[in-house]
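Q: Sending over structure.txt (compact mmCIF, C-alpha atoms and all ligand atoms).
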# COMPACT_ATOMS: atom_id res chain seq x y z
CA MET A 1 0.00 0.00 0.00
CA SER A 2 1.56 3.32 -0.93
CA ILE A 3 0.63 6.30 1.18
CA SER A 4 2.43 9.27 -0.26
CA GLU A 5 0.33 12.34 0.40
CA LYS A 6 0.28 14.07 3.75
CA PRO A 7 -3.14 15.29 4.86
CA ASN A 8 -3.06 17.85 7.68
CA PHE A 9 -3.08 16.63 11.24
CA PRO A 10 -4.97 15.46 13.26
CA TRP A 11 -5.26 11.97 11.76
CA PHE A 12 -8.24 9.95 12.95
CA GLY A 13 -10.13 6.90 11.81
CA MET A 14 -13.59 6.40 13.27
CA ASP A 15 -16.04 3.52 13.38
CA ILE A 16 -19.46 4.39 14.80
CA GLY A 17 -21.13 1.05 15.50
CA GLY A 18 -24.49 0.07 16.92
CA THR A 19 -23.05 -0.15 20.46
CA LEU A 20 -19.54 1.31 20.52
CA VAL A 21 -17.66 4.09 18.77
CA LYS A 22 -14.07 3.15 17.98
CA LEU A 23 -11.50 5.86 17.35
CA VAL A 24 -7.95 5.29 16.16
CA TYR A 25 -5.66 8.27 16.57
CA PHE A 26 -2.29 8.59 14.83
CA GLU A 27 0.10 10.60 17.01
CA PRO A 28 2.93 11.83 14.80
CA ILE A 29 6.34 11.43 16.46
CA ASP A 30 8.44 12.79 13.63
CA LEU A 31 7.23 16.39 13.50
CA THR A 32 9.92 18.85 12.44
CA GLU A 33 10.52 21.96 14.57
CA GLU A 34 8.79 23.97 11.87
CA GLU A 35 5.75 21.65 11.92
CA LYS A 36 5.60 21.86 15.70
CA LEU A 37 5.55 25.64 15.53
CA LYS A 38 2.87 25.60 12.86
CA GLN A 39 0.77 23.07 14.74
CA GLY A 40 -1.00 25.63 16.88
CA ASP A 41 -2.41 25.46 20.41
CA THR A 42 -5.68 23.68 19.69
CA LEU A 43 -4.03 20.76 17.99
CA ARG A 44 -1.35 20.53 20.68
CA THR A 45 -4.00 20.53 23.42
CA ILE A 46 -6.01 17.82 21.71
CA GLN A 47 -2.97 15.67 21.20
CA ARG A 48 -1.97 15.98 24.85
CA TYR A 49 -5.52 15.29 26.00
CA LEU A 50 -5.75 12.12 23.94
CA VAL A 51 -2.35 10.60 24.61
CA ARG A 52 -1.92 11.57 28.25
CA ASN A 53 -5.28 10.24 29.46
CA GLU A 54 -6.67 6.75 29.68
CA ALA A 55 -10.27 7.80 30.36
CA TYR A 56 -12.31 10.58 28.80
CA GLY A 57 -15.43 11.98 30.42
CA GLU A 58 -17.69 9.35 32.01
CA THR A 59 -17.52 6.70 29.33
CA GLY A 60 -14.47 7.06 27.07
CA VAL A 61 -11.62 4.58 27.47
CA ARG A 62 -8.22 4.29 25.82
CA ASP A 63 -7.16 0.67 25.41
CA VAL A 64 -3.59 1.38 26.45
CA ASP A 65 -2.48 -2.22 26.07
CA LEU A 66 -3.37 -2.07 22.37
CA GLU A 67 -1.23 1.01 21.58
CA ILE A 68 1.22 0.43 18.73
CA LYS A 69 4.41 2.43 18.81
CA ALA A 70 6.37 3.79 15.86
CA VAL A 71 4.11 2.76 12.99
CA LYS A 72 4.96 4.01 9.52
CA LEU A 73 1.91 5.44 7.76
CA GLY A 74 3.13 6.55 4.37
CA ASP A 75 6.17 8.70 5.06
CA ARG A 76 5.11 9.59 8.59
CA LEU A 77 6.04 7.86 11.79
CA GLY A 78 3.68 7.79 14.73
CA ASN A 79 2.00 5.90 17.54
CA LEU A 80 -1.47 4.41 17.11
CA HIS A 81 -3.89 4.96 20.00
CA PHE A 82 -7.14 3.06 20.41
CA ILE A 83 -10.10 4.76 22.05
CA ARG A 84 -13.72 3.69 22.49
CA PHE A 85 -16.93 4.99 24.01
CA PRO A 86 -20.60 3.99 23.83
CA THR A 87 -22.48 5.13 20.76
CA SER A 88 -25.16 6.37 23.16
CA SER A 89 -22.62 9.06 24.23
CA MET A 90 -22.18 10.36 20.68
CA TYR A 91 -23.94 13.67 21.42
CA LYS A 92 -21.79 14.22 24.51
CA PHE A 93 -18.71 13.46 22.38
CA ILE A 94 -19.71 16.16 19.90
CA ASP A 95 -20.20 18.64 22.79
CA LEU A 96 -16.74 17.72 24.12
CA CYS A 97 -15.17 18.36 20.71
CA VAL A 98 -16.73 21.82 20.70
CA LYS A 99 -15.56 22.43 24.30
CA LYS A 100 -12.02 21.51 23.24
CA ASN A 101 -12.31 24.05 20.39
CA LEU A 102 -12.11 21.40 17.72
CA HIS A 103 -14.84 23.25 15.84
CA LEU A 104 -12.30 26.03 15.23
CA LEU A 105 -10.13 23.68 13.18
CA THR A 106 -10.84 22.59 9.65
CA PHE A 107 -10.07 18.95 9.12
CA LYS A 108 -11.23 15.73 7.55
CA ILE A 109 -12.64 12.67 9.31
CA TYR A 110 -13.00 9.31 7.63
CA ALA A 111 -15.84 7.53 9.37
CA THR A 112 -17.38 4.13 8.98
CA GLY A 113 -20.10 2.03 10.66
CA GLY A 114 -23.82 2.77 10.54
CA GLY A 115 -23.25 5.88 12.67
CA ALA A 116 -21.19 7.50 9.91
CA PHE A 117 -24.53 7.88 8.14
CA LYS A 118 -26.76 8.38 11.15
CA PHE A 119 -24.69 11.16 12.75
CA GLU A 120 -23.46 12.90 9.60
CA ALA A 121 -25.91 15.80 9.78
CA ILE A 122 -25.32 16.67 13.43
CA ILE A 123 -21.52 16.34 13.15
CA THR A 124 -21.17 18.47 10.07
CA LYS A 125 -23.47 21.05 11.66
CA SER A 126 -21.53 21.20 14.94
CA LEU A 127 -17.94 20.85 13.72
CA ASN A 128 -16.04 22.28 10.81
CA VAL A 129 -15.16 18.87 9.39
CA LYS A 130 -15.20 17.29 6.00
CA TRP A 131 -17.03 14.05 6.77
CA ILE A 132 -16.05 11.15 4.51
CA LYS A 133 -18.22 8.04 4.87
CA CYS A 134 -16.65 4.64 4.20
CA ASP A 135 -18.27 1.23 3.94
CA GLU A 136 -17.90 -0.67 7.23
CA LEU A 137 -17.12 -4.10 5.77
CA GLU A 138 -14.59 -2.71 3.28
CA MET A 139 -12.88 -0.84 6.13
CA LEU A 140 -12.92 -3.98 8.26
CA VAL A 141 -11.12 -6.05 5.63
CA GLN A 142 -8.67 -3.26 4.80
CA GLY A 143 -7.95 -2.69 8.50
CA ILE A 144 -7.15 -6.37 8.96
CA GLU A 145 -4.93 -6.39 5.88
CA PHE A 146 -3.03 -3.32 7.12
CA MET A 147 -2.47 -4.84 10.54
CA ALA A 148 -1.33 -8.09 8.94
CA SER A 149 1.19 -6.08 6.92
CA LEU A 150 2.68 -4.73 10.16
CA ASN A 151 3.54 -8.32 11.16
CA LEU A 152 3.12 -7.65 14.85
CA ASP A 153 4.22 -10.66 16.82
CA GLU A 154 1.16 -11.06 18.98
CA GLU A 155 -1.62 -9.92 16.67
CA CYS A 156 -2.96 -13.22 15.41
CA PHE A 157 -3.42 -16.21 17.64
CA PHE A 158 -5.35 -19.42 18.06
CA PHE A 159 -5.91 -22.06 20.68
CA LYS A 160 -4.09 -25.26 20.17
CA ILE A 161 -6.45 -28.20 20.20
CA TRP A 162 -4.81 -31.56 20.45
CA THR A 163 -7.46 -34.02 19.48
CA THR A 164 -10.95 -34.54 18.18
CA ASP A 165 -12.25 -36.84 20.84
CA SER A 166 -15.07 -38.93 19.42
CA ASN A 167 -16.63 -39.29 22.84
CA PHE A 168 -16.95 -35.61 22.95
CA SER A 169 -20.06 -34.71 21.04
CA ASN A 170 -21.07 -31.43 22.61
CA PRO A 171 -18.67 -28.62 21.94
CA PHE A 172 -20.61 -26.31 24.19
CA SER A 173 -20.97 -28.62 27.15
CA MET A 174 -19.44 -26.90 30.15
CA SER A 175 -18.79 -30.06 32.14
CA GLN A 176 -16.79 -31.56 29.29
CA ILE A 177 -15.04 -28.37 28.47
CA THR A 178 -13.71 -27.86 31.97
CA ASN A 179 -12.36 -31.39 31.83
CA PHE A 180 -10.97 -30.90 28.39
CA PRO A 181 -7.29 -30.11 28.71
CA LEU A 182 -6.91 -28.59 25.27
CA LEU A 183 -8.89 -25.54 26.13
CA LYS A 184 -6.41 -24.71 28.82
CA ALA A 185 -3.54 -24.85 26.34
CA ASN A 186 -1.43 -21.77 25.75
CA PHE A 187 -1.94 -19.45 22.84
CA ASP A 188 0.06 -20.25 19.77
CA LEU A 189 1.05 -17.21 17.86
CA GLN A 190 0.38 -17.21 14.18
CA SER A 191 2.05 -13.99 13.25
CA LYS A 192 3.99 -13.67 10.02
CA LYS A 193 1.74 -16.24 8.42
CA PHE A 194 -1.37 -14.17 8.03
CA SER A 195 -1.00 -13.65 4.27
CA ASP A 196 -1.22 -17.43 3.87
CA THR A 197 -4.62 -17.24 5.45
CA TYR A 198 -6.67 -16.42 2.31
CA PRO A 199 -9.34 -17.47 1.66
CA PHE A 200 -10.94 -17.24 5.06
CA ILE A 201 -14.29 -16.69 6.66
CA LEU A 202 -14.41 -13.48 8.67
CA VAL A 203 -16.93 -13.35 11.49
CA ASN A 204 -17.46 -9.89 12.97
CA ILE A 205 -19.32 -10.24 16.27
CA GLY A 206 -20.44 -6.72 17.08
CA SER A 207 -23.97 -5.77 18.14
CA GLY A 208 -25.10 -8.00 15.28
CA VAL A 209 -22.97 -10.47 13.35
CA SER A 210 -21.67 -10.17 9.78
CA ILE A 211 -20.01 -13.15 8.11
CA LEU A 212 -17.78 -12.53 5.09
CA LEU A 213 -15.96 -14.73 2.63
CA VAL A 214 -12.58 -13.03 2.10
CA ASN A 215 -10.58 -14.15 -0.92
CA SER A 216 -8.24 -11.14 -0.81
CA GLU A 217 -8.27 -7.54 0.42
CA LYS A 218 -10.24 -6.49 -2.67
CA ASP A 219 -12.30 -9.63 -3.19
CA PHE A 220 -14.78 -10.33 -0.42
CA ARG A 221 -18.52 -10.63 0.09
CA ARG A 222 -20.97 -10.87 2.95
CA VAL A 223 -22.24 -14.44 2.87
CA SER A 224 -24.22 -14.58 6.09
CA GLY A 225 -25.19 -12.74 9.23
CA THR A 226 -27.38 -12.89 12.28
CA SER A 227 -29.11 -10.45 14.59
CA ILE A 228 -28.21 -12.70 17.53
CA GLY A 229 -24.84 -11.22 18.47
CA GLY A 230 -22.99 -9.21 21.10
CA GLY A 231 -25.91 -6.84 21.49
CA THR A 232 -28.19 -9.78 22.21
CA PHE A 233 -25.82 -11.11 24.86
CA LEU A 234 -25.50 -7.73 26.55
CA GLY A 235 -29.18 -6.79 26.23
CA LEU A 236 -30.51 -10.10 27.51
CA CYS A 237 -28.00 -10.17 30.37
CA CYS A 238 -29.08 -6.70 31.46
CA LEU A 239 -32.73 -7.80 31.34
CA LEU A 240 -32.23 -11.15 33.06
CA THR A 241 -29.60 -10.36 35.67
CA GLY A 242 -29.92 -6.64 36.29
CA CYS A 243 -26.26 -6.12 35.37
CA LYS A 244 -25.39 -2.79 33.82
CA THR A 245 -22.18 -3.30 31.88
CA TYR A 246 -20.60 -5.72 29.44
CA GLU A 247 -17.78 -6.38 31.91
CA GLU A 248 -20.29 -7.38 34.61
CA ALA A 249 -22.16 -9.61 32.15
CA ILE A 250 -18.98 -11.46 31.15
CA ASP A 251 -17.93 -11.80 34.76
CA LEU A 252 -21.30 -13.39 35.63
CA ALA A 253 -21.17 -15.70 32.59
CA ASN A 254 -17.71 -16.93 33.56
CA LYS A 255 -19.07 -18.11 36.92
CA GLY A 256 -22.40 -19.61 35.83
CA ASP A 257 -23.76 -23.06 35.03
CA ASN A 258 -26.00 -23.12 31.96
CA THR A 259 -27.33 -26.62 32.71
CA LYS A 260 -29.51 -25.00 35.40
CA VAL A 261 -31.20 -22.97 32.65
CA ASP A 262 -30.93 -24.93 29.39
CA LYS A 263 -32.86 -28.11 28.62
CA LEU A 264 -30.34 -30.82 27.79
CA VAL A 265 -30.82 -33.99 25.74
CA GLN A 266 -30.67 -35.77 29.09
CA ASP A 267 -33.65 -33.79 30.39
CA ILE A 268 -35.65 -35.07 27.42
CA TYR A 269 -34.25 -38.60 26.85
CA GLY A 270 -33.05 -39.42 30.35
CA GLY A 271 -29.66 -40.10 28.73
CA ASP A 272 -28.02 -40.03 25.29
CA TYR A 273 -29.82 -40.03 21.94
CA PRO A 274 -27.20 -42.26 20.30
CA LYS A 275 -28.88 -42.78 16.94
CA PHE A 276 -27.97 -39.20 16.02
CA SER A 277 -24.88 -38.89 18.23
CA LEU A 278 -26.53 -36.53 20.65
CA THR A 279 -25.01 -37.18 24.05
CA SER A 280 -26.95 -36.50 27.20
CA ASP A 281 -25.21 -33.19 27.89
CA VAL A 282 -25.95 -31.53 24.55
CA VAL A 283 -28.14 -28.45 24.91
CA ALA A 284 -31.43 -29.48 23.33
CA SER A 285 -33.11 -26.17 24.04
CA SER A 286 -31.48 -22.95 25.22
CA PHE A 287 -33.39 -21.59 28.25
CA GLY A 288 -35.63 -24.66 27.90
CA LEU A 289 -35.94 -25.20 31.68
CA MET A 290 -37.16 -21.72 32.41
CA HIS A 291 -40.84 -22.45 31.99
CA ILE A 292 -40.65 -24.58 35.17
CA LYS A 293 -41.24 -22.49 38.28
CA ASP A 294 -38.76 -24.32 40.57
CA LYS A 295 -36.01 -24.21 37.98
CA ARG A 296 -36.68 -20.56 37.35
CA GLU A 297 -36.38 -19.81 41.04
CA ALA A 298 -33.19 -21.84 41.40
CA ALA A 299 -31.36 -20.26 38.46
CA THR A 300 -28.81 -17.66 39.54
CA LYS A 301 -27.77 -14.52 37.66
CA GLU A 302 -24.54 -16.29 36.80
CA ASP A 303 -26.41 -19.28 35.33
CA LEU A 304 -28.63 -17.00 33.26
CA ALA A 305 -25.63 -15.05 31.93
CA LYS A 306 -23.82 -18.26 31.00
CA ALA A 307 -26.89 -19.65 29.21
CA THR A 308 -27.19 -16.37 27.30
CA LEU A 309 -23.54 -16.51 26.26
CA LEU A 310 -23.90 -20.11 25.09
CA ALA A 311 -27.10 -19.43 23.16
CA VAL A 312 -25.33 -16.67 21.22
CA LEU A 313 -22.17 -18.73 20.69
CA ASN A 314 -24.04 -21.81 19.52
CA ASN A 315 -25.76 -19.78 16.87
CA VAL A 316 -22.68 -17.83 15.72
CA GLY A 317 -20.49 -20.95 15.83
CA LEU A 318 -22.87 -22.95 13.66
CA LEU A 319 -23.23 -20.17 11.11
CA ALA A 320 -19.44 -19.76 10.99
CA LYS A 321 -18.99 -23.49 10.45
CA GLU A 322 -21.67 -23.69 7.77
CA SER A 323 -20.12 -20.71 5.98
CA ALA A 324 -16.63 -22.26 6.14
CA VAL A 325 -17.86 -25.63 4.85
CA SER A 326 -19.96 -24.22 2.03
CA HIS A 327 -17.12 -21.96 0.85
CA ASN A 328 -14.32 -24.48 1.35
CA CYS A 329 -12.39 -22.45 3.88
CA GLU A 330 -10.18 -23.94 6.55
CA LYS A 331 -9.79 -20.75 8.54
CA VAL A 332 -12.34 -18.66 10.35
CA VAL A 333 -11.13 -15.32 11.70
CA PHE A 334 -13.25 -13.96 14.55
CA VAL A 335 -13.25 -10.22 15.33
CA GLY A 336 -15.57 -7.70 17.02
CA ASN A 337 -15.82 -6.41 20.56
CA PHE A 338 -18.04 -9.26 21.76
CA LEU A 339 -14.74 -11.10 22.10
CA LYS A 340 -13.22 -8.40 24.30
CA ALA A 341 -11.95 -9.84 27.60
CA ASN A 342 -13.93 -12.93 26.68
CA THR A 343 -11.48 -15.83 26.59
CA LEU A 344 -14.24 -18.30 27.41
CA SER A 345 -16.04 -17.54 24.15
CA LYS A 346 -12.82 -17.72 22.14
CA LYS A 347 -12.04 -21.14 23.57
CA LEU A 348 -15.56 -22.40 23.05
CA LEU A 349 -15.65 -21.21 19.43
CA SER A 350 -12.22 -22.77 18.78
CA HIS A 351 -13.29 -26.05 20.20
CA ALA A 352 -16.68 -26.08 18.50
CA LEU A 353 -15.17 -25.46 15.06
CA ASN A 354 -12.49 -28.05 15.67
CA TYR A 355 -15.04 -30.61 16.80
CA TRP A 356 -17.60 -30.00 14.06
CA SER A 357 -14.95 -30.13 11.32
CA ASN A 358 -12.92 -33.04 12.70
CA GLY A 359 -9.99 -30.73 13.17
CA LYS A 360 -10.08 -29.29 9.63
CA ILE A 361 -11.32 -25.80 10.45
CA LYS A 362 -9.23 -23.54 12.63
CA ALA A 363 -10.47 -20.50 14.55
CA LEU A 364 -8.13 -17.51 14.52
CA PHE A 365 -8.37 -14.39 16.67
CA LEU A 366 -6.83 -10.92 16.39
CA ARG A 367 -5.71 -8.78 19.32
CA HIS A 368 -7.15 -5.51 18.02
CA GLU A 369 -10.46 -7.36 17.67
CA GLY A 370 -12.92 -4.44 17.69
CA TYR A 371 -10.78 -1.79 15.99
CA PHE A 372 -10.29 -2.96 12.40
CA GLY A 373 -13.06 -0.82 10.91
CA ALA A 374 -11.55 2.29 12.51
CA ILE A 375 -8.06 1.24 11.38
CA GLY A 376 -9.38 0.85 7.82
CA SER A 377 -10.83 4.37 8.00
CA LEU A 378 -7.51 5.76 9.22
CA ILE A 379 -5.62 4.08 6.38
CA ASN A 380 -8.05 5.52 3.84
CA PHE A 381 -7.66 8.93 5.44
CA ALA A 382 -3.88 8.68 5.22
CA LEU A 383 -4.23 7.68 1.56
CA SER A 384 -6.47 10.63 0.79
CA ARG A 385 -5.38 13.83 -0.87
N1 LIG B 401 -17.44 -1.70 27.13
C1 LIG B 401 -18.39 -2.28 26.37
N2 LIG B 401 -19.62 -1.74 26.30
C2 LIG B 401 -20.60 -2.31 25.57
N3 LIG B 401 -20.42 -3.45 24.86
C3 LIG B 401 -19.21 -4.04 24.88
C4 LIG B 401 -18.14 -3.47 25.64
N4 LIG B 401 -17.05 -4.25 25.45
C5 LIG B 401 -17.43 -5.25 24.66
N5 LIG B 401 -18.74 -5.14 24.31
C6 LIG B 401 -19.45 -6.10 23.43
O1 LIG B 401 -19.16 -5.72 22.11
C7 LIG B 401 -20.36 -5.57 21.35
C8 LIG B 401 -20.18 -4.46 20.34
O2 LIG B 401 -19.10 -4.83 19.50
P1 LIG B 401 -18.55 -3.89 18.35
O3 LIG B 401 -18.03 -2.63 18.92
O4 LIG B 401 -17.60 -4.72 17.58
O5 LIG B 401 -19.87 -3.68 17.52
P2 LIG B 401 -20.60 -2.37 16.95
O6 LIG B 401 -19.72 -1.80 15.88
O7 LIG B 401 -20.99 -1.46 18.05
O8 LIG B 401 -21.90 -3.04 16.32
P3 LIG B 401 -22.32 -3.24 14.79
O9 LIG B 401 -21.05 -3.60 14.04
O10 LIG B 401 -23.30 -4.35 14.80
O11 LIG B 401 -22.86 -1.90 14.37
C9 LIG B 401 -21.44 -5.32 22.38
O12 LIG B 401 -22.71 -5.72 21.91
C10 LIG B 401 -20.97 -6.14 23.57
O13 LIG B 401 -21.37 -7.49 23.44
C1 LIG B 402 -26.23 -4.20 10.52
C2 LIG B 402 -24.76 -4.46 10.80
C3 LIG B 402 -24.05 -4.76 9.47
C4 LIG B 402 -24.19 -3.17 11.41
O1 LIG B 402 -22.84 -3.32 11.70
C5 LIG B 402 -24.55 -5.62 11.81
O2 LIG B 402 -25.12 -5.30 13.03
C6 LIG B 402 -25.11 -6.96 11.30
O3 LIG B 402 -24.50 -7.59 10.48
N1 LIG B 402 -26.27 -7.41 11.83
C7 LIG B 402 -26.90 -8.67 11.46
C8 LIG B 402 -27.90 -8.45 10.36
C9 LIG B 402 -28.41 -9.78 9.79
O4 LIG B 402 -27.75 -10.34 8.92
O5 LIG B 402 -29.43 -10.25 10.27
If you took the structure in this file and wrote it as structure tokens, what would it be?

A:
Amino acid sequence: MSISEKPNFPWFGMDIGGTLVKLVYFEPIDLTEEEKLKQGDTLRTIQRYLVRNEAYGETGVRDVDLEIKAVKLGDRLGNLHFIRFPTSSMYKFIDLCVKKNLHLLTFKIYATGGGAFKFEAIITKSLNVKWIKCDELEMLVQGIEFMASLNLDEECFFFKIWTTDSNFSNPFSMSQITNFPLLKANFDLQSKKFSDTYPFILVNIGSGVSILLVNSEKDFRRVSGTSIGGGTFLGLCCLLTGCKTYEEAIDLANKGDNTKVDKLVQDIYGGDYPKFSLTSDVVASSFGLMHIKDKREAATKEDLAKATLLAVLNNVGLLAKESAVSHNCEKVVFVGNFLKANTLSKKLLSHALNYWSNGKIKALFLRHEGYFGAIGSLINFALSR
């Protein structure tokens, strides 16, 4: 990718999703003395504000652990900073930009995600920006390709699974998974091999789920999707458990037991259903016990959160597998913020794909999981004239 032109600073890429806004900020570290002088107070203040803080207002967070130092973007060198805040705070964000005098600067923002369309009118009315809308799935693929080109050691990883145990017929059975040593295996890094990954299925688990067949950076299409995604997990957990944040919901799910909530094959057959290889512990019906008063009363918040997580994963996992099989792909790359701080889901998806495909299909994960759309926007910004 050749990035030769130098648009004026500040350099941002933005992805305004259904739940979260993702912002990638390029902090130039090679400014000449002349450029520093020219930069002006507003820009300097903004830069300091962004890179010296880890939290912004009530809801903004910088994912400090994801920062990438000394990245070359065209002929400029800089650090990449990753910031997120809830889309529901978008109006407060615009007010903050005005408070920080950003409206006095003229600059361009490349924005993607549904919110690039939804918020265009209010942003262009409040700030003096040239608002360039980019397609979210194109940005996602381009963002991944750019990150792959950086060859960062720890970007791409998978869980090593040692066997496809034929006695093990329920990839989402908690009892078997805790006994299953493979899921406790260390990460194996897959860096420097990402370009060998084409073609692959890309599963973006955001509020909803988009599934793409990616043959190359330029050749991809959306082959499937589902409304049962990260937003469903978070929304249902809030309803069922009274939790208020994603972090709380994941914490509850990690501690719960879904068999107190789901109806298993065993609850229906009294044991296995061997004719169709359905062992007793397979979930026959997600939340299937909850019509029984005693069961309902016995189920804890943790159990409900775990059952919610599994219901979402079962659905996404199956769609990912079907997409991989029907398009002859051996790799499925999972991204999106539903995977954030969610190792349990990553392990379960890895194991499920491995089990369903007899070890042929591998699940891959990327460290900057929710930021690729915003990275794609930043790259397109840097490419722009
Ligand atoms: N701090 C958080 N707040 C809210 N949701 C979070 C948080 N961290 C992770 N999540 C999870 O990530 C999901 C949103 O993921 P992501 O940011 O990738 O999607 P989005 O871009 O907002 O949605 P879409 O792509 O469908 O428009 C949420 O539904 C939730 O499951
Ligand atoms: C609508 C988008 C593309 C917005 O990112 C996403 O939330 C999604 O793919 N939802 C699932 C839509 C469906 O295929 O049913």

Q: Neighbouring residues of ligand LIG 402 (chain B) are defined here as those with any atom at most 7 Å from a ligand atom, counting all atoms listed in the file; list them as number ranges by chain.

A: A: 17-18, 113-114, 206-210, 224-227

Q: Name the closest residue to ligand LIG 401 (chain B) among the candidates A:Lys99, A:Lys69, A:His291, A:His368; distances are taken between atoms, counting only C-alpha atoms and all ligand atoms.

A: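 Residue with the minimum atom-to-atom distance to ligand LIG 401 (chain B): A:His368.
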
Q: Of the candidates A:Thr112, A:Ser377, A:Ser357, A:Asn8, which shows the shortest atom-to-atom distance to ligand LIG 401 (chain B), using only C-alpha atoms and all ligand atoms?

A: A:Thr112

Q: By how many Å are atom CA of A:Asp30 and atom CA of A:Leu77 apart?

A: 5.8 Å

Q: Figure out the distance between atom CA of A:Val332 and atom CA of A:Lys360, please, to one decimal in Å.

A: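 Going from atom CA of A:Lys360 over to atom CA of A:Val332, I get 10.9 Å.
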
Q: One number please: atom CA of A:Thr197 to atom CA of A:Glu155, in Å, one decimal.

A: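 Calculated distance between atom CA of A:Thr197 and atom CA of A:Glu155 is 13.7 Å.
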
Q: Could you give me the centre and size, in Å to one decimal, of an axis-aligned box around all listed atoms of stretch 284-298 of chain A with 4 Å added on every side, as JSON?

A:
{"center_x": -36.3, "center_y": -24.6, "center_z": 32.4, "size_x": 17.8, "size_y": 17.7, "size_z": 26.1}

Q: Which residues are near stretch 278-285 of chain A? Cut-off 6 Å, all atoms listed in the file, ignore same chain within fewer than 4 positions. Put them as number ranges by chain.

A: A: 170, 262-266, 271-274

Q: Please return as a VMD selection string the residues found within 7 Å of ligand LIG 401 (chain B), counting all atoms listed in the file.

A: chain A and resid 15 to 21 86 113 to 114 204 to 209 229 to 234 245 to 247 336 to 340 370

Q: Between A:Lys301, A:Leu212, A:Leu319, A:Asn53, which one has atoms that come closest to A:Gly242, using all atoms listed in the file?

A: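 Of A:Lys301, A:Leu212, A:Leu319, A:Asn53, the one nearest A:Gly242 is A:Lys301, counting all atoms listed in the file.
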
Q: Neighbouring residues of A:Leu309 were defined as those with any atom within 10 Å, considering all atoms listed in the file; residues of the same chain fewer than 4 positions away were excluded. Please report them as a ChimeraX atom specification.

A: /A:229-230,232-234,236-237,249-250,253-254,258,303-305,313-314,344-345

Q: From the set A:Tyr269, A:Phe93, A:Phe9, A:Tyr49, which residue has the shortest atom-to-atom contact distance to A:Ser126, counting only C-alpha atoms?

A: A:Phe93

Q: What would the list of residues within 12 Å of (-0.4, 16.1, 15.5) (file frame) look like as a ChimeraX atom specification, if all atoms listed in the file are what count?

A: /A:6-12,25-32,35-51,76-80,107

Q: Excluding A:Arg367 and residues on its chain fewer than 5 positions from it, collect all residues at most 8 Å away from it, counting only C-alpha atoms, and give them as a list in words.

A: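 That gives Leu66, Glu154, Glu155, Cys156 and Phe157 of chain A.
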
Q: May I ask which of the residues A:Lys92, A:His103, A:Lys72, A:Lys125 is the closest one to A:Met147, counting all atoms listed in the file?

A: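 Residue with the minimum atom-to-atom distance to A:Met147: A:Lys72.
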
Q: Here is a test: counting only C-alpha atoms, which residue of A:Val141, A:Met90, A:Val261, A:Leu252 is nearest to A:Glu302?

A: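 Ranked by minimum distance to A:Glu302, first place goes to A:Leu252.
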